[in-house]
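Asker: Submitted below is the structure of interest, expressed as structure tokens.
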Amino acid sequence: MPHGLDHIVHAVRDLDAAAEFYRDAGFTVGARNRHPWGTHNRIVQLKNCYIEILEVAEPEKIVPHGARSFSFGAFNRDFLASHQGFSMLILNSSNAADDARAFEAAGIGGYDVFDFAREGAKPEGTPVKLAFSLVFASDPASPNLGFAACQHHFPENFWNPAFQIHANGAQTVAGVAMVADNPTDHHIFLKAFSGVQDLHSSSIGVKEQVAFRDQFGISPDVDGEGMTLNALRFEVADMAQAEASHRQNGVASRRHIGRLVVPPGVAHGATLIFETAK
């Protein structure tokens with residue numbers, strides 16, 4: 001079964017500074033949440049996907065990877081040792097146990113399902129229960145990018161239109177832009193991971209460095225081997241509204257071939273791309 005985008009992890013060294021950047025860029029940003037394994041996050045929610053801004057706030061709580069367990073905290077700690085940016089691509093799941101079996105059968109898994117729950121809050125402050133099941137996958141050729149599918153057990157308590165209203169007019173995440181020296185080397189993995197056979201028609205795109213630069217006007221920061229997750233593409237109703245939001249708050253975005261681009265030097269190692277909704 002095809003998987004769509006669920007969320008993207010944006011690993012940063014200063015969670016509050018990154019949250020302030022996202023607010024300045026015109027996004028609504030949620031409150032700080034704390035995980036028992038040492039990471040803290042704040043959420044930017046779109047209609048179809050969310051950004052998990054993540055900091056390793058309590059490194060002493062991080063557990064190591066196990067034979068059949070993927071340590072979310074350890075992976076992001078190691079990622080942040082060399083750089084900030086988008087560290088993980090997480091797709092949605094309707095049944096994490098089934099996906100774990102499918103990933104293992106395809107040779108991209110071998111991890112047990114990771115279940116966790118926490119308390120959330122509605123915009124007016126009413127507490128609600130949130131619970132998730134994550135199943136991780138690995139592309140051995142891309143050790144610096146994490147992959148998982150996420151099942152929401154109480155989606156009605158998580159997705160909330162009040163959190164999806166943004167001053168920059170962003171509505172949805174149109175897709176992700178990844179970079180690799182040879183994109184076709186990763187197609188077998190991505191097809192097994194996403195369940196999509198025609199990647200060109202999906203929200204997951206892998207480009208060579210020169211193609212990324214030509215399309216978005218940014219020379220991608222490629223660190224290490226394999227694929228890197230370099231950019232998120234947002235659909236906005238009015239490009240002028242997004243640009244005005246950035247200008248008002250001092251965010252240095254620039255136009256490139258009809259797009260509005262915030263470069264990684266501004267966006268804590270990530271590239272944000274705003275496009276007019278189709």
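The chains in the structure tokens are called A, B, ... from first to last as shown; in each chain the residues are counted from 1, and the ligands are counted from 1 in the order shown.
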When you look at region 235-244 of chain A with a cut-off of 6 Å (counting only C-alpha atoms), what residues show up, excluding the ones that are within fewer than 4 positions of it in the same chain? I need them as number ranges by chain.
Answerer: A: 168-172, 174, 248, 274-277
Asker: Based on the selection just made, write C-alpha atoms of those residues as a PDB file, in the first residue's frame.
Answerer:
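Final output, selection-v2.pdb:
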ATOM      1  CA  ASN A 168       2.734  32.899   5.216  1.00  0.00           C
ATOM      2  CA  GLY A 169      -0.277  31.151   3.676  1.00  0.00           C
ATOM      3  CA  ALA A 170       1.344  27.701   3.610  1.00  0.00           C
ATOM      4  CA  GLN A 171      -1.266  24.979   3.193  1.00  0.00           C
ATOM      5  CA  THR A 172       0.387  21.660   2.412  1.00  0.00           C
ATOM      6  CA  ALA A 174       3.959  19.406  -1.862  1.00  0.00           C
ATOM      7  CA  GLN A 248       8.377  41.794   7.628  1.00  0.00           C
ATOM      8  CA  PHE A 274       7.462  28.000  -1.361  1.00  0.00           C
ATOM      9  CA  GLU A 275       5.448  27.352  -4.514  1.00  0.00           C
ATOM     10  CA  THR A 276       2.076  28.590  -5.702  1.00  0.00           C
ATOM     11  CA  ALA A 277      -0.625  25.992  -5.064  1.00  0.00           C
TER      12      ALA A 277
END
Asker: Excluding same-chain residues fewer than 2 positions from Gln215 (chain A), what lies within 12 Å of it counting only C-alpha atoms, as a list in words?
Answerer: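 Everything that qualifies: Ala177, Lys207, Glu208, Gln209, Val210, Ala211, Phe212, Arg213, Gly217, Ile218, Ser219, Pro220, Ala231, Arg233, Arg255, His256, Ile257, Gly258, Arg259, Leu260, Val261 and Ile273 of chain A.
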Asker: Between CA of Leu199 (chain A) and CA of Phe72 (chain A), what distance in Å does the model show, to one decimal?
Answerer: 26.3 Å
Asker: Which residue is closest to Asn249 (chain A)? Choose from A:Ala105, A:Leu134, A:Ala25, A:Ile43 and count only C-alpha atoms.
Answerer: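 Closest residue, counting only C-alpha atoms: A:Ala25.
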Asker: Which is closest to Asn144 (chain A) among A:Val113, A:Ala81, A:Ala97, A:Ala267, if we use only C-alpha atoms?
Answerer: A:Ala81
Asker: List the spatial neighbours of Asn33 (chain A) as a ChimeraX atom specification - criterion: any atom at most 7 Å away, only C-alpha atoms, same-chain residues fewer than 5 positions off excluded.
Answerer: /A:40-42
Asker: Taking C-alpha atoms for each residue, export the selection above as a PDB file, in the first residue's frame.
Answerer:
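Okay, again.pdb is ready:
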ATOM      1  CA  HIS A  40      12.519  17.521  22.791  1.00  0.00           C
ATOM      2  CA  ASN A  41      10.440  18.784  19.884  1.00  0.00           C
ATOM      3  CA  ARG A  42       8.132  21.502  18.646  1.00  0.00           C
TER       4      ARG A  42
END
Asker: Could you go through region 28-204 of chain A and tell me which residues DSSP, when run on the backbone, assigns to helix (DSSP H, G or I), listing them as a PyMOL selection string?
Answerer: chain A and resi 59-61+72-80+96-105+155-158+161-164+183-194+199-201
Asker: Using only C-alpha atoms, please write the residues we just selected to a file, as an mmCIF file, in the first residue's frame.
Answerer:
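Generated output (out.cif):
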data_model
loop_
_atom_site.group_PDB
_atom_site.id
_atom_site.type_symbol
_atom_site.label_atom_id
_atom_site.label_comp_id
_atom_site.auth_asym_id
_atom_site.auth_seq_id
_atom_site.Cartn_x
_atom_site.Cartn_y
_atom_site.Cartn_z
ATOM 1 C CA PRO A 59 21.728 13.292 25.897
ATOM 2 C CA GLU A 60 22.230 11.276 29.059
ATOM 3 C CA LYS A 61 18.833 9.626 28.463
ATOM 4 C CA PHE A 72 15.648 7.623 17.366
ATOM 5 C CA GLY A 73 17.629 9.641 19.903
ATOM 6 C CA ALA A 74 21.013 8.125 19.035
ATOM 7 C CA PHE A 75 20.489 8.635 15.303
ATOM 8 C CA ASN A 76 19.659 12.314 15.681
ATOM 9 C CA ARG A 77 22.468 12.864 18.192
ATOM 10 C CA ASP A 78 24.941 11.439 15.685
ATOM 11 C CA PHE A 79 23.409 13.484 12.855
ATOM 12 C CA LEU A 80 23.801 16.689 14.860
ATOM 13 C CA ALA A 96 2.786 -0.461 11.618
ATOM 14 C CA ALA A 97 2.977 -4.206 12.289
ATOM 15 C CA ASP A 98 2.151 -5.010 8.664
ATOM 16 C CA ASP A 99 4.689 -2.442 7.471
ATOM 17 C CA ALA A 100 7.377 -3.919 9.731
ATOM 18 C CA ARG A 101 6.827 -7.317 8.119
ATOM 19 C CA ALA A 102 6.827 -5.800 4.629
ATOM 20 C CA PHE A 103 10.020 -3.826 5.258
ATOM 21 C CA GLU A 104 11.777 -6.893 6.608
ATOM 22 C CA ALA A 105 10.646 -9.037 3.677
ATOM 23 C CA PRO A 155 -5.256 11.056 14.734
ATOM 24 C CA GLU A 156 -8.299 13.107 15.690
ATOM 25 C CA ASN A 157 -6.363 14.341 18.735
ATOM 26 C CA PHE A 158 -3.254 15.260 16.757
ATOM 27 C CA PRO A 161 -7.066 22.879 11.714
ATOM 28 C CA ALA A 162 -6.286 25.551 14.317
ATOM 29 C CA PHE A 163 -2.594 24.590 14.157
ATOM 30 C CA GLN A 164 -2.624 24.594 10.337
ATOM 31 C CA PRO A 183 19.506 8.835 -7.821
ATOM 32 C CA THR A 184 18.694 5.570 -9.601
ATOM 33 C CA ASP A 185 20.897 3.699 -7.109
ATOM 34 C CA HIS A 186 18.227 4.377 -4.478
ATOM 35 C CA HIS A 187 15.062 3.689 -6.457
ATOM 36 C CA ILE A 188 14.725 0.055 -5.321
ATOM 37 C CA PHE A 189 14.880 1.130 -1.678
ATOM 38 C CA LEU A 190 12.505 4.073 -2.141
ATOM 39 C CA LYS A 191 9.934 1.965 -3.980
ATOM 40 C CA ALA A 192 9.974 -0.655 -1.211
ATOM 41 C CA PHE A 193 9.813 2.044 1.463
ATOM 42 C CA SER A 194 7.078 4.171 -0.089
ATOM 43 C CA LEU A 199 8.500 7.883 -7.970
ATOM 44 C CA HIS A 200 8.194 10.694 -10.515
ATOM 45 C CA SER A 201 4.499 11.024 -9.663
#
Asker: CA of Val56 (chain A) and CA of Gly125 (chain A), how far apart in Å?
Answerer: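 A separation of 25.7 Å between them.
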Asker: So which one's closest to Ile108 (chain A), A:His35, A:Ala67, A:Val12, A:Pro140? Using only C-alpha atoms, please.
Answerer: A:Pro140
